[in-house]
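Containing mmCIF, C-alpha atoms: structure-v6.cif.
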```
data_protein
#
loop_
_atom_site.label_atom_id
_atom_site.label_comp_id
_atom_site.auth_asym_id
_atom_site.auth_seq_id
_atom_site.Cartn_x
_atom_site.Cartn_y
_atom_site.Cartn_z
CA TRP A 707 0.00 0.00 0.00
CA ILE A 708 2.82 2.43 0.74
CA ALA A 709 4.47 1.75 -2.63
CA TYR A 710 1.11 2.21 -4.33
CA ALA A 711 0.22 5.39 -2.44
CA LEU A 712 3.58 6.97 -3.23
CA GLY A 713 3.31 6.07 -6.91
CA GLU A 714 -0.21 7.35 -7.32
CA ALA A 715 0.52 10.51 -5.33
CA GLY A 716 3.46 11.10 -7.64
CA ARG A 717 1.24 10.68 -10.68
CA LEU A 718 -1.69 12.75 -9.42
CA TRP A 719 0.45 15.57 -8.06
CA ASN A 720 3.23 15.25 -10.65
CA GLU A 721 5.88 14.73 -7.99
CA ARG A 722 8.84 12.75 -9.33
CA SER A 723 10.37 12.06 -5.89
CA TYR A 724 7.25 10.15 -4.82
CA ARG A 725 7.37 8.00 -7.93
CA ALA A 726 11.06 7.27 -7.35
CA LEU A 727 10.42 6.23 -3.76
CA SER A 728 7.58 4.01 -4.93
CA SER A 729 9.85 2.17 -7.37
CA LEU A 730 12.58 1.77 -4.77
CA LEU A 731 10.11 0.30 -2.30
CA ALA A 732 8.61 -1.99 -4.94
CA ALA A 733 12.08 -3.32 -5.74
CA ARG A 734 12.75 -3.93 -2.06
CA ILE A 735 9.46 -5.83 -1.72
CA LEU A 736 10.49 -8.12 -4.59
CA ARG A 737 13.90 -8.61 -3.05
CA GLU A 738 12.93 -9.16 0.59
CA GLU A 739 9.25 -10.16 0.81
CA THR A 740 8.74 -12.86 -1.79
CA ALA A 741 9.36 -16.58 -2.07
CA ASP A 742 9.36 -18.97 -5.00
CA ILE A 743 6.82 -21.51 -3.72
CA PRO A 744 6.27 -24.87 -5.48
CA GLY A 745 2.84 -24.90 -7.08
CA LEU A 746 2.34 -21.15 -6.66
CA GLY A 747 5.46 -19.62 -8.15
CA LEU A 748 6.74 -16.29 -6.93
CA THR A 749 4.50 -15.31 -4.02
CA LEU A 750 4.21 -12.27 -1.77
CA LEU A 751 5.00 -12.92 1.90
CA PRO A 752 3.38 -10.98 4.76
CA ALA A 753 6.78 -9.69 5.91
CA PRO A 754 10.49 -10.26 5.27
CA GLN A 755 10.88 -12.70 8.17
CA GLY A 756 8.81 -15.18 10.15
CA PHE A 757 6.58 -16.69 7.46
CA VAL A 758 8.83 -19.30 5.84
CA GLN A 759 8.52 -22.43 7.94
CA THR A 760 11.15 -25.15 8.13
CA ASP A 761 8.96 -28.04 6.93
CA GLY A 762 8.20 -26.92 3.39
CA ARG A 763 5.38 -24.67 4.46
CA TRP A 764 4.62 -20.97 4.26
CA ARG A 765 2.18 -18.87 6.29
CA LEU A 766 0.27 -16.47 4.03
CA ASN A 767 -2.40 -13.80 4.35
CA ALA A 768 -4.83 -13.27 1.47
CA SER A 769 -5.91 -9.84 2.72
CA TYR A 770 -2.36 -8.53 2.16
CA THR A 771 -2.71 -8.75 -1.63
CA PRO A 772 -5.44 -6.38 -2.87
CA MET A 773 -5.67 -7.33 -6.53
CA HIS A 774 -6.05 -3.75 -7.78
CA LEU A 775 -2.69 -2.95 -6.16
CA MET A 776 -1.11 -6.03 -7.68
CA HIS A 777 -2.40 -5.06 -11.14
CA TRP A 778 -1.05 -1.55 -10.65
CA LEU A 779 2.40 -2.76 -9.66
CA ALA A 780 2.48 -5.13 -12.64
CA ALA A 781 1.48 -2.28 -14.97
CA ASN A 782 3.83 0.35 -13.54
CA GLU A 783 6.96 -1.55 -12.60
CA SER A 784 9.26 -2.82 -15.35
CA ASP A 785 10.25 -5.99 -13.50
CA PRO A 786 8.21 -8.88 -14.99
CA GLN A 787 8.16 -10.61 -11.62
CA TRP A 788 5.18 -8.47 -10.62
CA LYS A 789 3.07 -10.26 -13.23
CA LYS A 790 3.97 -13.53 -11.53
CA LEU A 791 2.86 -12.07 -8.22
CA VAL A 792 -0.49 -11.13 -9.75
CA ASP A 793 -1.07 -14.78 -10.67
CA SER A 794 0.05 -16.21 -7.34
CA SER A 795 -1.93 -13.64 -5.34
CA LEU A 796 -5.13 -14.68 -7.06
CA GLN A 797 -4.24 -18.32 -6.40
CA VAL A 798 -3.74 -17.60 -2.70
CA ILE A 799 -7.12 -15.91 -2.35
CA ARG A 800 -9.03 -18.59 -4.23
CA GLY A 801 -7.04 -21.55 -2.95
CA SER A 802 -7.34 -20.57 0.70
CA SER A 803 -11.12 -20.08 0.34
CA PRO A 804 -12.35 -23.51 -0.86
CA LYS A 805 -15.89 -22.94 0.43
CA GLY A 806 -16.08 -19.24 -0.44
CA PHE A 807 -14.96 -17.99 2.98
CA THR A 808 -11.44 -16.60 3.36
CA PRO A 809 -9.35 -17.28 6.48
CA ASP A 810 -7.39 -14.61 8.29
CA TRP A 811 -4.27 -16.73 7.81
CA THR A 812 -3.54 -19.84 5.76
CA ILE A 813 -0.76 -22.41 5.53
CA TYR A 814 0.53 -23.50 2.14
CA ASP A 815 2.28 -26.87 2.01
CA ALA A 816 4.52 -27.65 -0.97
CA LYS A 817 3.04 -31.15 -1.23
CA LEU A 818 -0.47 -30.78 0.21
CA GLY A 819 -1.48 -27.30 -0.91
CA PHE A 820 -3.57 -25.01 1.30
CA LEU A 821 -4.15 -26.10 4.89
CA ILE A 822 -5.89 -24.72 7.95
CA ASP A 823 -3.58 -22.64 10.13
CA GLU A 824 -4.02 -24.79 13.23
CA GLN A 825 -1.24 -23.05 15.16
CA GLY A 826 -2.63 -19.55 14.71
CA LYS A 827 -5.06 -18.13 17.24
CA GLU A 828 -7.80 -17.89 14.60
CA LYS A 829 -7.73 -21.69 13.99
CA GLY A 830 -8.80 -21.39 10.37
CA GLN A 831 -11.48 -18.78 10.88
CA GLY A 832 -12.01 -15.64 8.85
CA GLY A 833 -12.56 -12.40 10.72
CA TYR A 834 -10.83 -9.07 11.07
CA ASN A 835 -8.17 -9.76 8.44
CA ALA A 836 -10.35 -11.64 5.98
CA ILE A 837 -13.09 -9.02 5.77
CA ARG A 838 -10.68 -6.97 3.67
CA VAL A 839 -10.52 -9.67 0.99
CA TYR A 840 -14.19 -9.10 0.13
CA LEU A 841 -13.68 -5.34 0.30
CA TRP A 842 -10.72 -5.44 -2.10
CA ALA A 843 -12.63 -7.74 -4.48
CA GLY A 844 -15.52 -5.29 -4.53
CA LEU A 845 -13.21 -2.42 -5.46
CA LEU A 846 -11.96 -4.06 -8.66
CA HIS A 847 -12.89 -2.45 -11.96
CA ALA A 848 -15.35 -4.45 -14.05
CA ASP A 849 -12.63 -5.11 -16.63
CA ALA A 850 -9.88 -6.04 -14.17
CA PRO A 851 -8.31 -9.42 -15.02
CA GLY A 852 -9.51 -12.21 -12.76
CA ARG A 853 -12.38 -10.22 -11.26
CA LYS A 854 -15.16 -12.52 -12.45
CA ALA A 855 -13.44 -15.63 -11.13
CA LEU A 856 -12.64 -13.95 -7.82
CA LEU A 857 -16.21 -12.78 -7.23
CA ALA A 858 -17.51 -16.22 -8.15
CA ALA A 859 -15.15 -17.85 -5.66
CA LEU A 860 -16.36 -15.58 -2.85
CA THR A 861 -20.09 -15.78 -3.65
CA PRO A 862 -20.89 -17.90 -0.55
CA MET A 863 -20.07 -14.94 1.68
CA ALA A 864 -22.59 -12.78 -0.17
CA ARG A 865 -25.14 -15.56 0.20
CA TYR A 866 -24.41 -15.88 3.94
CA VAL A 867 -24.91 -12.16 4.48
CA ARG A 868 -28.16 -12.22 2.51
CA ASP A 869 -29.52 -15.17 4.50
CA GLN A 870 -28.42 -14.01 7.95
CA GLY A 871 -28.83 -10.27 7.53
CA TYR A 872 -25.33 -9.49 8.79
CA PRO A 873 -21.69 -10.41 8.15
CA PRO A 874 -20.11 -12.82 10.64
CA GLU A 875 -17.48 -11.54 13.04
CA PHE A 876 -15.68 -14.88 12.70
CA ILE A 877 -16.58 -17.79 10.47
CA ASP A 878 -15.12 -21.28 10.10
CA ILE A 879 -14.06 -21.41 6.47
CA LEU A 880 -15.00 -25.07 6.02
CA SER A 881 -18.16 -25.54 8.10
CA ALA A 882 -19.52 -21.96 7.81
CA GLN A 883 -20.19 -21.99 11.55
CA ALA A 884 -20.07 -18.38 12.71
CA SER A 885 -19.58 -16.66 16.06
CA GLY A 886 -22.32 -14.09 15.53
CA PRO A 887 -22.82 -10.63 14.02
CA ALA A 888 -19.78 -8.51 13.22
CA PRO A 889 -19.47 -4.80 14.04
CA SER A 890 -21.07 -2.35 11.66
CA GLY A 891 -17.73 -1.60 10.02
CA PHE A 892 -17.88 -5.03 8.43
CA SER A 893 -21.20 -4.09 6.81
CA ALA A 894 -19.61 -0.93 5.41
CA ALA A 895 -16.67 -2.93 4.06
CA LEU A 896 -19.01 -5.31 2.24
CA LEU A 897 -21.02 -2.68 0.35
CA PRO A 898 -18.77 -2.60 -2.75
CA PHE A 899 -18.49 -6.40 -2.72
CA LEU A 900 -22.24 -6.98 -2.50
CA ARG A 901 -22.84 -4.47 -5.28
CA ALA A 902 -20.19 -6.13 -7.46
CA ALA A 903 -21.74 -9.53 -6.72
CA GLY A 904 -25.11 -8.21 -7.88
CA ASP A 905 -26.83 -9.19 -4.61
CA ASP A 906 -29.22 -6.27 -4.18
CA LYS A 907 -31.12 -7.86 -1.29
CA ALA A 908 -27.98 -8.32 0.78
CA LEU A 909 -26.75 -4.87 -0.22
CA GLN A 910 -29.91 -3.09 0.92
CA ALA A 911 -29.95 -5.06 4.16
CA GLN A 912 -26.42 -3.91 5.02
CA ARG A 913 -27.25 -0.30 4.20
CA ALA A 914 -30.21 -0.56 6.55
CA ARG A 915 -28.03 -2.16 9.20
CA LEU A 916 -25.60 0.76 9.02
CA GLU A 917 -28.47 3.20 9.53
CA ALA A 918 -29.78 1.22 12.48
CA ARG A 919 -26.34 0.57 13.97
CA PRO A 920 -24.10 3.57 13.18
CA LEU A 921 -20.34 3.15 13.26
CA ARG A 922 -18.77 3.72 16.64
CA PRO A 923 -16.82 6.99 16.36
CA THR A 924 -13.89 5.74 18.45
CA ALA A 925 -13.60 2.30 16.78
CA TYR A 926 -10.50 2.82 14.64
CA TYR A 927 -10.70 -0.31 12.50
CA GLU A 928 -14.41 0.13 11.83
CA GLN A 929 -13.78 3.69 10.73
CA VAL A 930 -11.01 2.65 8.36
CA LEU A 931 -13.17 -0.09 6.83
CA ALA A 932 -15.93 2.46 6.37
CA LEU A 933 -13.60 4.99 4.72
CA PHE A 934 -12.76 2.40 2.09
CA GLY A 935 -16.20 0.77 1.80
CA LEU A 936 -18.50 3.76 2.04
CA GLY A 937 -16.06 5.96 0.14
CA ALA A 938 -16.14 3.63 -2.85
CA PHE A 939 -19.86 2.96 -2.58
CA GLU A 940 -20.63 6.69 -2.58
CA GLY A 941 -18.34 7.36 -5.55
CA GLN A 942 -15.62 9.28 -3.73
CA TYR A 943 -12.99 7.21 -5.56
CA ARG A 944 -12.63 4.22 -7.87
CA PHE A 945 -9.96 2.31 -9.75
CA THR A 946 -9.19 1.61 -13.38
CA ALA A 947 -8.68 -1.95 -14.65
CA THR A 948 -4.95 -1.50 -14.00
CA GLY A 949 -5.51 -0.17 -10.49
CA HIS A 950 -4.94 3.52 -11.13
CA LEU A 951 -6.87 5.74 -8.74
CA ILE A 952 -9.69 7.89 -10.07
CA ALA A 953 -10.32 10.46 -7.36
CA ARG A 954 -13.45 12.57 -7.27
CA TRP A 955 -11.40 15.71 -6.68
CA LYS A 956 -9.13 15.16 -9.69
CA PRO A 957 -10.54 16.55 -12.97
#
```

As structure tokens, what does this structure read like?
Amino acid sequence: WIAYALGEAGRLWNERSYRALSSLLAARILREETADIPGLGLTLLPAPQGFVQTDGRWRLNASYTPMHLMHWLAANESDPQWKKLVDSSLQVIRGSSPKGFTPDWTIYDAKLGFLIDEQGKEKGQGGYNAIRVYLWAGLLHADAPGRKALLAALTPMARYVRDQGYPPEFIDILSAQASGPAPSGFSAALLPFLRAAGDDKALQAQRARLEARPLRPTAYYEQVLALFGLGAFEGQYRFTATGHLIARWKP
């Protein structure tokens, strides 16, 4: 996100130093935060250290790879490795969500593929990390590569929200057993996703839920989710197919 923000700020404000910093950071990400994983290829890691395990396994986080950012980096950076990261990022999101629900964290095994992160505190559930996966998917431009397949893979979450009337705070990604209603910020985050999924019933229900249960003013994470979700839903910003920002204030 920092590399993206610097690059787009440099473009929108015509500031070369921002664009230079963006490219330097992007190169450092390739150098320090990727791994060539069997079956996935070059893959983005959550951080430079701590996520490569000693038994042929990697710990990954699907919410760390917003696809519009990955498309932007592939389009703006000359290194062809970013195109490989686009492909592997989509594989991580879809592969870790076999039933349409994304976990906060996932384990990828070189021989067995995606596994439940049994050692993590979430125990294979999707919650405060995973909610961003649906948000990022909803922000994709209609012509963005892979969008249709991504939305199709995540359709069960839209169906769950429609049937229950609320997004789950935590949900088991295999059994769909949930802990109960999530805070209102989750509803705000899902607005672009539900609109992109074409689920008008679920969309209207979450808009009504936000009116009935306003965001808590001191809840930082809820407010950030709402800035992204409501901001996009209300047309304050949007992205091109290659991830470039179209801001309402920019003619």

- Item | Gly871 (chain A) surroundings by only C-alpha atoms, 10 Å radius, close-in-sequence under 2 positions cut, as an MDAnalysis selection string | chainID A and resid 865:869 873:874 887 893 907:912 914:915

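Nearest residue to Tyr927 (chain A) among A:Ala903, A:Ala848, A:Ala882, A:Ile837 is A:Ile837, counting only C-alpha atoms.
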
- Message: Give me, as a PyMOL selection string, all polymer residues having an atom no more than 9 Å from region 793-800 of chain A, counting all atoms listed in the file and skipping those fewer than 2 positions away in the same chain.
- Response: chain A and resi 746-750+766-769+771-773+776+788-791+802-804+806+808+812+814+820+839+852+855-856+859-860

- To one decimal place, how far is CA of Trp764 (chain A) from CA of Gln787 (chain A) in Å? 19.3 Å

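Atom pair CA of Lys805 (chain A) / CA of Ala858 (chain A) has a distance of 11.0 Å (rounded to one decimal).
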
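Of the residues under consideration (A:Asn835, A:Gln755, A:Thr760, A:Ser729), A:Ser729 shows the shortest atom-to-atom contact distance to Gly716 (chain A) when counting only C-alpha atoms.
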
Exercise: Arg725 (chain A) partners within 8 Å, all atoms listed in the file, chain neighbours under 6 positions left out, as a PDB file with C-alpha atoms, in the coordinates of the input:
```
ATOM      1  CA  LEU A 712       3.580   6.970  -3.230  1.00  0.00           C
ATOM      2  CA  GLY A 713       3.310   6.070  -6.910  1.00  0.00           C
ATOM      3  CA  GLU A 714      -0.210   7.350  -7.320  1.00  0.00           C
ATOM      4  CA  ALA A 715       0.520  10.510  -5.330  1.00  0.00           C
ATOM      5  CA  GLY A 716       3.460  11.100  -7.640  1.00  0.00           C
ATOM      6  CA  ARG A 717       1.240  10.680 -10.680  1.00  0.00           C
TER       7      ARG A 717
END
```

- Message: Selection in question (the file shown): the PyMOL selection byres ((chain A and resi 947) around 9). Which residues does it include, as a list of chain:residue names?
- Response: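 Matching residues under the PyMOL selection byres ((chain A and resi 947) around 9) are A:His774, A:His777, A:Trp778, A:Leu846, A:His847, A:Ala848, A:Asp849, A:Ala850, A:Pro851, A:Phe945, A:Thr946, A:Thr948, A:Gly949, A:His950.
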
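Each of A:Glu828, A:Asp761, A:Glu875, A:Asp906 was compared to Gly891 (chain A) using only C-alpha atoms, and A:Glu875 turns out to be the nearest.
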
- Rank nothing, just name the residue among A:Leu736, A:Ala884, A:Ala843, A:Val792 nearest to Gly830 (chain A), using all atoms listed in the file. A:Ala884

Report, as lines of an AutoDock Vina configuration file, the centre and edge lengths in Å (one decimal) of the axis-aligned box enclosing every listed atom of region 724-736 of chain A, padded by 6 Å on each side.
```
center_x = 10.0
center_y = 1.0
center_z = -4.8
size_x = 17.5
size_y = 30.3
size_z = 18.2
```

- Task: Determine, counting all atoms listed in the file, every residue of protein, DNA or RNA that lies within 8 Å of (-13.8, -22.7, 7.7) in the file coordinates, then give the result as an MDAnalysis selection string.
- Result: chainID A and resid 805 807:809 830:832 877:883

With C-alpha atoms retained, write the just-selected residues as a short mmCIF file (atom, residue, chain, number, x, y, z; two decimals), in the coordinates of the input.
```
data_model
loop_
_atom_site.label_atom_id
_atom_site.label_comp_id
_atom_site.auth_asym_id
_atom_site.auth_seq_id
_atom_site.Cartn_x
_atom_site.Cartn_y
_atom_site.Cartn_z
CA LYS A 805 -15.89 -22.94 0.43
CA PHE A 807 -14.96 -17.99 2.98
CA THR A 808 -11.44 -16.60 3.36
CA PRO A 809 -9.35 -17.28 6.48
CA GLY A 830 -8.80 -21.39 10.37
CA GLN A 831 -11.48 -18.78 10.88
CA GLY A 832 -12.01 -15.64 8.85
CA ILE A 877 -16.58 -17.79 10.47
CA ASP A 878 -15.12 -21.28 10.10
CA ILE A 879 -14.06 -21.41 6.47
CA LEU A 880 -15.00 -25.07 6.02
CA SER A 881 -18.16 -25.54 8.10
CA ALA A 882 -19.52 -21.96 7.81
CA GLN A 883 -20.19 -21.99 11.55
#
```

- Message: the PyMOL selection byres ((chain A and resi 841) around 7) - which residues does that actually catch in the file I just gave you? List them as a PyMOL selection string.
- Response: chain A and resi 837-840+842-845+895-896+898-899+935

Take the PyMOL selection byres ((chain A and resi 920) around 12), run it mentally on this structure, and tell me the resulting residues as a compact mmCIF listing (two decimals) with C-alpha atoms, in the coordinates of the input.
```txt
# COMPACT_ATOMS: atom_id res chain seq x y z
CA PRO A 889 -19.47 -4.80 14.04
CA SER A 890 -21.07 -2.35 11.66
CA GLY A 891 -17.73 -1.60 10.02
CA PHE A 892 -17.88 -5.03 8.43
CA SER A 893 -21.20 -4.09 6.81
CA ALA A 894 -19.61 -0.93 5.41
CA GLN A 912 -26.42 -3.91 5.02
CA ARG A 913 -27.25 -0.30 4.20
CA ALA A 914 -30.21 -0.56 6.55
CA ARG A 915 -28.03 -2.16 9.20
CA LEU A 916 -25.60 0.76 9.02
CA GLU A 917 -28.47 3.20 9.53
CA ALA A 918 -29.78 1.22 12.48
CA ARG A 919 -26.34 0.57 13.97
CA LEU A 921 -20.34 3.15 13.26
CA ARG A 922 -18.77 3.72 16.64
CA PRO A 923 -16.82 6.99 16.36
CA THR A 924 -13.89 5.74 18.45
CA ALA A 925 -13.60 2.30 16.78
CA GLU A 928 -14.41 0.13 11.83
CA GLN A 929 -13.78 3.69 10.73
CA ALA A 932 -15.93 2.46 6.37
```

- Item | Atomic distance CA of Lys817 (chain A) - CA of Gly756 (chain A), expressed in Å with one decimal |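 Those two atoms sit 20.4 Å apart.
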